[in-house]
Amino acid sequence: MSSERLAGLLDEYAQLEKRLADPAIHADQATARRVGRRFAELTPLHKAAGELAEARADLEAARELAAEDPSFASEVDTLVAALPALEQRLAELLAPRDPHDAKDVILEIKAGEGGDESALFAGDLLRMYTRYAERHGWVTEVLEVQDSDLGGVKDISLAVKTKGVPEGGNGVWSRLKWEGGVHRVQRVPVTESQGRIHTSAAGVLVLPEAEDVDVTIDPNELRIDVFRSSGPGGQSVNTTDSAVRITHLPTGIVVSCQNEKSQLQNREQAMRILRARLLAAAQEQADAAASDARRLQVRTVDRSERIRTYNYPQNRITDHRIGYTAYNLDLALAGDLDAVLDALTEADRAARLAGESELSRR
């Protein structure tokens, strides 16, 4: 392990501790939350380093005592046996981690090929993630949605965030970042009269939610259009120009929101999505590894490219990136996703310790 890197991170921890002890920082909630998240992220490292240093000091003292009294030899053996696990834990915490792990996310789900069935499946994915968020005490907020005729969704943007500071710096992104990609379903659609199994797909895009300090947006580089809302949910507000479309001129990114009754609310929601997309785009340009990872997220929602398959007849869920298969699809769709997400996290941890930058580079 790098002693210089460890010393630098422990020094950062001490500085953050001092900042949080200053009452003045809490006058700015955004800054306090950002500093608190970083402090929480470094707390396990500080604890592990302290435990290792204490164990090494105890070992040195036990060896000195054993030199004078052989009865202390067993204590030396016990401490020697405990050191590798402590060193391994610290090495894992020192391994490069995703800088966005403490962040909240904006989750986008889009129906793909398969017509109404794909939209119904997109709705099933939405319920799966909403229930998973509920299990973890997270808060969800619909930013924009286009419903389909049979109760599914064609396109939805959902903010998912933690309450307060995430423990150990492990926010929503640390868990849901694995979900970006094409999700394929195999089942008999409700619209199928012959009972035949069909395959369709929906796309999931996961973006770390950007804060104001993460992305600088020049208002002069935005084109903001307003128009009347339409479609499901729009009937009560379509007498005024409440819907908002924002175009970021340098990148061509376009975000539209018409879910709220207020033009100001729609504008705020659109700006949140825009900031998240610009942060992801900046990360792509700055980091080749991030670019590789993003290529595995949704480009075209095609049935042939997929990260995961949900097979209803066999009650099977398969994640193709790591060869994970379980026969508890019903539980997964009810929000019990921890088993597959744990497997993905462990595969990424092993890759990082082996010197690879991301699981998604595989």
# chains A, B, ... in the order shown; residues from 1 in each chain; ligands from 1
call {"tool": "residues_around", "arguments": {"residues": "Val142 (chain A)", "least_positions_apart": "2", "cutoff": "8 Å", "atoms": "only C-alpha atoms", "output": "PDB file with N, CA and C atoms, in the first residue's frame"}}
result
ATOM      1  N   THR A 140     -37.425   8.853  -3.590  1.00  0.00           N
ATOM      2  CA  THR A 140     -37.546   8.907  -5.047  1.00  0.00           C
ATOM      3  C   THR A 140     -38.439  10.071  -5.445  1.00  0.00           C
ATOM      4  N   GLU A 144     -39.730  13.572 -14.723  1.00  0.00           N
ATOM      5  CA  GLU A 144     -40.442  13.653 -16.003  1.00  0.00           C
ATOM      6  C   GLU A 144     -40.890  12.251 -16.380  1.00  0.00           C
ATOM      7  N   VAL A 145     -42.094  12.118 -16.922  1.00  0.00           N
ATOM      8  CA  VAL A 145     -42.590  10.794 -17.304  1.00  0.00           C
ATOM      9  C   VAL A 145     -43.505  10.903 -18.516  1.00  0.00           C
ATOM     10  N   ILE A 156     -39.052   7.730 -18.523  1.00  0.00           N
ATOM     11  CA  ILE A 156     -39.182   8.348 -17.207  1.00  0.00           C
ATOM     12  C   ILE A 156     -37.810   8.733 -16.677  1.00  0.00           C
ATOM     13  N   SER A 157     -37.744   9.875 -16.010  1.00  0.00           N
ATOM     14  CA  SER A 157     -36.546  10.310 -15.298  1.00  0.00           C
ATOM     15  C   SER A 157     -36.898  10.365 -13.820  1.00  0.00           C
ATOM     16  N   LEU A 158     -36.127   9.631 -13.019  1.00  0.00           N
ATOM     17  CA  LEU A 158     -36.431   9.470 -11.599  1.00  0.00           C
ATOM     18  C   LEU A 158     -35.201   9.845 -10.778  1.00  0.00           C
ATOM     19  N   ALA A 159     -35.348  10.789  -9.852  1.00  0.00           N
ATOM     20  CA  ALA A 159     -34.258  11.116  -8.933  1.00  0.00           C
ATOM     21  C   ALA A 159     -34.342  10.166  -7.746  1.00  0.00           C
TER      22      ALA A 159
END
call {"tool": "residues_around", "arguments": {"residues": "region 343-355 of chain A", "least_positions_apart": "2", "cutoff": "12 Å", "atoms": "only C-alpha atoms", "output": "PyMOL selection string"}}
result
chain A and resi 1+88-98+101+170+173-179+307-308+318-326+337-341+357-362
call {"tool": "residues_around", "arguments": {"residues": "region 103-111 of chain A", "least_positions_apart": "3", "cutoff": "6 Å", "atoms": "only C-alpha atoms", "output": "PyMOL selection string"}}
result
chain A and resi 100+118-119+122+154-161+171-173+202-209
call {"tool": "closest_residue", "arguments": {"among": "A:Arg277, A:Arg127, A:His26, A:Arg63", "to": "Gly152 (chain A)", "atoms": "only C-alpha atoms"}}
result
A:Arg127
call {"tool": "select_by_dssp", "arguments": {"residues": "region 108-341 of chain A", "states": "helix (DSSP H, G or I)", "output": "PyMOL selection string"}}
result
chain A and resi 116-135+167-169+172-179+219-221+263-286+288-295+329-333+338-341
call {"tool": "select_by_dssp", "arguments": {"residues": "region 58-253 of chain A", "states": "strand (DSSP E or B)", "output": "PyMOL selection string"}}
result
chain A and resi 105-111+139-147+153-161+181-187+198-208+222-227+243-248+253
call {"tool": "closest_atom_pairs", "arguments": {"of": "region 114-230 of chain A", "to": "region 33-43 of chain A", "cutoff": "6 Å", "atoms": "only C-alpha atoms", "output": "JSON lines"}}
result
{"residue": "A:Val165", "atom": "CA", "partner": "A:Arg37", "partner_atom": "CA", "distance": 5.5}
{"residue": "A:Gly168", "atom": "CA", "partner": "A:Glu41", "partner_atom": "CA", "distance": 4.6}
{"residue": "A:Gly169", "atom": "CA", "partner": "A:Glu41", "partner_atom": "CA", "distance": 3.7}
call {"tool": "residues_around", "arguments": {"residues": "Leu279 (chain A)", "least_positions_apart": "6", "cutoff": "8 Å", "atoms": "only C-alpha atoms", "output": "CSV table (one decimal) with C-alpha atoms, in the first residue's frame"}}
result
chain,number,residue,atom,x,y,z
A,208,PRO,CA,-24.8,10.7,-10.8
A,210,ALA,CA,-24.6,16.9,-10.2
A,214,ASP,CA,-19.8,20.0,-10.2
A,215,VAL,CA,-20.9,21.7,-13.4
call {"tool": "closest_residue", "arguments": {"among": "A:Leu222, A:Ile273, A:Ala32, A:Val139", "to": "Pro250 (chain A)", "atoms": "only C-alpha atoms"}}
result
A:Leu222
call {"tool": "closest_residue", "arguments": {"among": "A:Ala61, A:Thr199, A:Arg306, A:Ser71", "to": "Gly180 (chain A)", "atoms": "only C-alpha atoms"}}
result
A:Arg306
call {"tool": "atom_distance", "arguments": {"atom1": "CA of Ile253 (chain A)", "atom2": "CA of Leu125 (chain A)"}}
result
25.2 Å
